[in-house]
Amino acid sequence: MRTSSDLCGRVLDARYRLDQVIATGGMGTVYEGFDNRLERVVAVKVMNDNLVYEPGFADRFVTEARAAARLSDAHVVAVYDRGRTADAVYLIMEYVPGRTLRRELTFGGRLPIARALEILTAVLRALQAAHSAGFVHGDIKPENVLLGDRGEVKVTDFGLARAIEDGDHRASLLLGTAAYLAPEQASDRTPDPRSDLYSLGCVLFEMLTTRPPFTGETPVAIAYKHVQETPPLPSPAAVMPATPGR
């Protein structure tokens with residue numbers, strides 16, 4: 001399989017230059033890139049090889065990316081373009097200088113309540129816009145919440161979970177984010193807007209306590225807890241001390 005840095009320096013469709021890797025995940029690799037035609041910095045998400053060669057994926061991806069491009073909200077990462085070459089399927093998105101909520105939690109510890117509620121409100125606004133337009137994100141997690149250097153909070157990857165809705169790759173995607181799965185997703189049922197709200201509740205729990213509501217030794221064990229158990233309360237006993245200075 002192609003490694004995450006193999007495409008650095010490449011120009012896709014004689015337009016989008018891939019400069020450096022800024023994130024990797026179960027669906028693909030995100031590069032900081034440059035749009036030579038419009039002369040602006042962009043984020044380029046190149047889908048993993050195991051998805052590119054899955055029958056039907058490229059068509060679903062293009063359909064979902066086209067729909068996501070019509071979703072416009074201050075708290076949603078804008079989709080500018082999508083394309084495919086002989087060996088790559090990619091998405092061109094707004095570049096947001098900053099960090100993910102995952103990185104913030106990993107290196108900064110739990111968030112003050114006011115900051116957690118600020119992020120929660122921004123993500124809720126993004127979801128409201130998406131749900132009103134007929135979108136279900138399906139993969140709300142700290143990795144998909146971007147915290148910009150200018151204070152903006154934006155949600156990314158709308159439509160990508162739905163593009164991977166068939167086959168073993170969807171199962172791998174869901175199990176890879178088991179800590180935030182709504183019960184219906186863990187039961188392999190179709191998610192709806194309530195699924196995103198459940199996942200966001202799990203993210204809020206982690207922002208306040210440093211860990212998601214359910215943990216386990218395997219993704220399957222965690223998914224089972226979402227279905228069979230009641231989420232715990234973020235009680236004082238579950239809250240780790242805040243990092244000094246936060």
# chains A, B, ... in the order shown; residues from 1 in each chain; ligands from 1
call {"tool": "residues_around", "arguments": {"residues": "Val153 of chain A", "least_positions_apart": "3", "cutoff": "8 Å", "atoms": "only C-alpha atoms", "output": "ChimeraX atom specification"}}
result
/A:75,119,122-123,145-148
call {"tool": "residues_around", "arguments": {"residues": "Phe214 of chain A", "least_positions_apart": "6", "cutoff": "8 Å", "atoms": "only C-alpha atoms", "output": "MDAnalysis selection string"}}
result
chainID A and resid 179 222 225:226 231
call {"tool": "residues_around", "arguments": {"residues": "segment 45-48 of chain A", "least_positions_apart": "6", "cutoff": "6 Å", "atoms": "only C-alpha atoms", "output": "VMD selection string"}}
result
chain A and resid 27 to 30 89 to 91
call {"tool": "write_last_selection", "arguments": {"atoms": "C-alpha atoms", "output": "mmCIF file, in the first residue's frame"}}
result
data_model
loop_
_atom_site.group_PDB
_atom_site.id
_atom_site.type_symbol
_atom_site.label_atom_id
_atom_site.label_comp_id
_atom_site.auth_asym_id
_atom_site.auth_seq_id
_atom_site.Cartn_x
_atom_site.Cartn_y
_atom_site.Cartn_z
ATOM 1 C CA MET A 27 -9.948 7.053 5.433
ATOM 2 C CA GLY A 28 -6.970 8.849 3.998
ATOM 3 C CA THR A 29 -4.082 11.270 4.296
ATOM 4 C CA VAL A 30 -4.506 15.044 4.490
ATOM 5 C CA VAL A 89 -9.245 9.869 -5.331
ATOM 6 C CA TYR A 90 -9.050 13.214 -3.570
ATOM 7 C CA LEU A 91 -10.988 16.041 -1.981
#
call {"tool": "residues_around", "arguments": {"residues": "Asp73 of chain A", "least_positions_apart": "5", "cutoff": "10 Å", "atoms": "only C-alpha atoms", "output": "ChimeraX atom specification"}}
result
/A:78,125-130,154-155
call {"tool": "write_last_selection", "arguments": {"atoms": "N, CA, C and O atoms", "output": "PDB file, in the first residue's frame"}}
result
ATOM      1  N   ALA A  78     -15.166  24.086   4.395  1.00  0.00           N
ATOM      2  CA  ALA A  78     -15.702  24.166   3.036  1.00  0.00           C
ATOM      3  C   ALA A  78     -15.030  23.142   2.123  1.00  0.00           C
ATOM      4  O   ALA A  78     -13.826  22.892   2.217  1.00  0.00           O
ATOM      5  N   ARG A 125     -23.967  24.002  15.916  1.00  0.00           N
ATOM      6  CA  ARG A 125     -24.389  24.857  14.805  1.00  0.00           C
ATOM      7  C   ARG A 125     -24.036  24.232  13.463  1.00  0.00           C
ATOM      8  O   ARG A 125     -24.807  24.309  12.504  1.00  0.00           O
ATOM      9  N   ALA A 126     -22.857  23.606  13.402  1.00  0.00           N
ATOM     10  CA  ALA A 126     -22.472  22.911  12.171  1.00  0.00           C
ATOM     11  C   ALA A 126     -23.439  21.763  11.882  1.00  0.00           C
ATOM     12  O   ALA A 126     -23.884  21.574  10.743  1.00  0.00           O
ATOM     13  N   LEU A 127     -23.780  21.012  12.909  1.00  0.00           N
ATOM     14  CA  LEU A 127     -24.691  19.886  12.724  1.00  0.00           C
ATOM     15  C   LEU A 127     -26.090  20.368  12.366  1.00  0.00           C
ATOM     16  O   LEU A 127     -26.789  19.738  11.557  1.00  0.00           O
ATOM     17  N   GLN A 128     -26.523  21.467  12.963  1.00  0.00           N
ATOM     18  CA  GLN A 128     -27.838  22.008  12.621  1.00  0.00           C
ATOM     19  C   GLN A 128     -27.911  22.354  11.138  1.00  0.00           C
ATOM     20  O   GLN A 128     -28.890  22.035  10.455  1.00  0.00           O
ATOM     21  N   ALA A 129     -26.863  23.012  10.634  1.00  0.00           N
ATOM     22  CA  ALA A 129     -26.823  23.361   9.213  1.00  0.00           C
ATOM     23  C   ALA A 129     -26.818  22.105   8.344  1.00  0.00           C
ATOM     24  O   ALA A 129     -27.524  22.036   7.329  1.00  0.00           O
ATOM     25  N   ALA A 130     -26.033  21.121   8.757  1.00  0.00           N
ATOM     26  CA  ALA A 130     -25.938  19.888   7.978  1.00  0.00           C
ATOM     27  C   ALA A 130     -27.250  19.108   7.998  1.00  0.00           C
ATOM     28  O   ALA A 130     -27.742  18.648   6.960  1.00  0.00           O
ATOM     29  N   LYS A 154     -14.415  24.355  13.524  1.00  0.00           N
ATOM     30  CA  LYS A 154     -15.023  23.856  12.297  1.00  0.00           C
ATOM     31  C   LYS A 154     -15.042  22.330  12.297  1.00  0.00           C
ATOM     32  O   LYS A 154     -14.113  21.686  12.777  1.00  0.00           O
ATOM     33  N   VAL A 155     -16.103  21.784  11.721  1.00  0.00           N
ATOM     34  CA  VAL A 155     -16.249  20.336  11.581  1.00  0.00           C
ATOM     35  C   VAL A 155     -15.882  19.941  10.159  1.00  0.00           C
ATOM     36  O   VAL A 155     -16.279  20.608   9.190  1.00  0.00           O
TER      37      VAL A 155
END
call {"tool": "residues_around", "arguments": {"residues": "Ala14 of chain A", "least_positions_apart": "6", "cutoff": "12 Å", "atoms": "only C-alpha atoms", "output": "PyMOL selection string"}}
result
chain A and resi 34-37+83+85
call {"tool": "closest_residue", "arguments": {"among": "A:Asp149, A:Val42, A:Asp196, A:Thr190", "to": "Gly98 of chain A", "atoms": "only C-alpha atoms"}}
result
A:Asp149
call {"tool": "atom_distance", "arguments": {"atom1": "atom CA of Val79 of chain A", "atom2": "atom CA of Ile92 of chain A"}}
result
6.1 Å
call {"tool": "select_by_dssp", "arguments": {"residues": "segment 33-169 of chain A", "states": "strand (DSSP E or B)", "output": "ChimeraX atom specification"}}
result
/A:33-35,40-47,76,79-84,89-94,98-100,145-148,153-155
call {"tool": "write_last_selection", "arguments": {"atoms": "C-alpha atoms", "output": "mmCIF file, in the first residue's frame"}}
result
data_model
loop_
_atom_site.group_PDB
_atom_site.id
_atom_site.type_symbol
_atom_site.label_atom_id
_atom_site.label_comp_id
_atom_site.auth_asym_id
_atom_site.auth_seq_id
_atom_site.Cartn_x
_atom_site.Cartn_y
_atom_site.Cartn_z
ATOM 1 C CA GLY A 33 -1.372 21.840 -0.617
ATOM 2 C CA PHE A 34 -1.523 24.723 -3.051
ATOM 3 C CA ASP A 35 -4.067 25.498 -5.745
ATOM 4 C CA ARG A 40 -4.264 29.736 -2.458
ATOM 5 C CA VAL A 41 -3.339 27.216 0.205
ATOM 6 C CA VAL A 42 -5.767 24.299 0.446
ATOM 7 C CA ALA A 43 -6.132 21.032 2.328
ATOM 8 C CA VAL A 44 -6.074 17.942 0.114
ATOM 9 C CA LYS A 45 -7.486 14.679 1.427
ATOM 10 C CA VAL A 46 -6.287 11.683 -0.588
ATOM 11 C CA MET A 47 -8.260 8.530 0.121
ATOM 12 C CA VAL A 76 -18.157 23.589 8.506
ATOM 13 C CA VAL A 79 -15.324 21.657 0.204
ATOM 14 C CA TYR A 80 -13.946 23.287 -2.945
ATOM 15 C CA ASP A 81 -13.416 20.446 -5.397
ATOM 16 C CA ARG A 82 -13.064 16.692 -5.827
ATOM 17 C CA GLY A 83 -11.311 14.571 -8.384
ATOM 18 C CA ARG A 84 -9.740 11.299 -9.334
ATOM 19 C CA VAL A 89 -9.245 9.869 -5.331
ATOM 20 C CA TYR A 90 -9.050 13.214 -3.570
ATOM 21 C CA LEU A 91 -10.988 16.041 -1.981
ATOM 22 C CA ILE A 92 -9.973 19.724 -1.977
ATOM 23 C CA MET A 93 -11.007 21.548 1.181
ATOM 24 C CA GLU A 94 -10.580 24.813 3.029
ATOM 25 C CA GLY A 98 -4.495 25.247 13.779
ATOM 26 C CA ARG A 99 -4.990 21.863 15.374
ATOM 27 C CA THR A 100 -7.595 19.181 15.895
ATOM 28 C CA VAL A 145 -13.227 19.002 14.943
ATOM 29 C CA LEU A 146 -10.689 21.647 13.936
ATOM 30 C CA LEU A 147 -9.632 24.487 16.237
ATOM 31 C CA GLY A 148 -8.266 27.329 14.147
ATOM 32 C CA VAL A 153 -14.198 25.895 15.395
ATOM 33 C CA LYS A 154 -15.023 23.856 12.297
ATOM 34 C CA VAL A 155 -16.249 20.336 11.581
#
call {"tool": "closest_residue", "arguments": {"among": "A:Ala58, A:Cys202, A:Ala23, A:Ala114", "to": "Thr215 of chain A", "atoms": "only C-alpha atoms"}}
result
A:Cys202
call {"tool": "atom_distance", "arguments": {"atom1": "atom CA of Gly134 of chain A", "atom2": "atom CA of Leu160 of chain A"}}
result
14.3 Å
call {"tool": "atom_distance", "arguments": {"atom1": "atom CA of Leu181 of chain A", "atom2": "atom CA of Ser199 of chain A"}}
result
5.9 Å
call {"tool": "select_by_dssp", "arguments": {"residues": "segment 28-242 of chain A", "states": "alpha helix (DSSP H)", "output": "PyMOL selection string"}}
result
chain A and resi 49-52+57-68+101-108+113-132+160-163+167-176+183-186+193-209+219-228
call {"tool": "closest_residue", "arguments": {"among": "A:Pro142, A:Thr210, A:Ala74, A:Tyr31", "to": "Arg103 of chain A", "atoms": "only C-alpha atoms"}}
result
A:Pro142
call {"tool": "residues_around", "arguments": {"residues": "Ala178 of chain A", "least_positions_apart": "4", "cutoff": "8 Å", "atoms": "only C-alpha atoms", "output": "PyMOL selection string"}}
result
chain A and resi 174+186+219-220+222-223
call {"tool": "closest_residue", "arguments": {"among": "A:Leu197, A:Val96, A:Val62, A:Leu51", "to": "Ile22 of chain A", "atoms": "only C-alpha atoms"}}
result
A:Val96
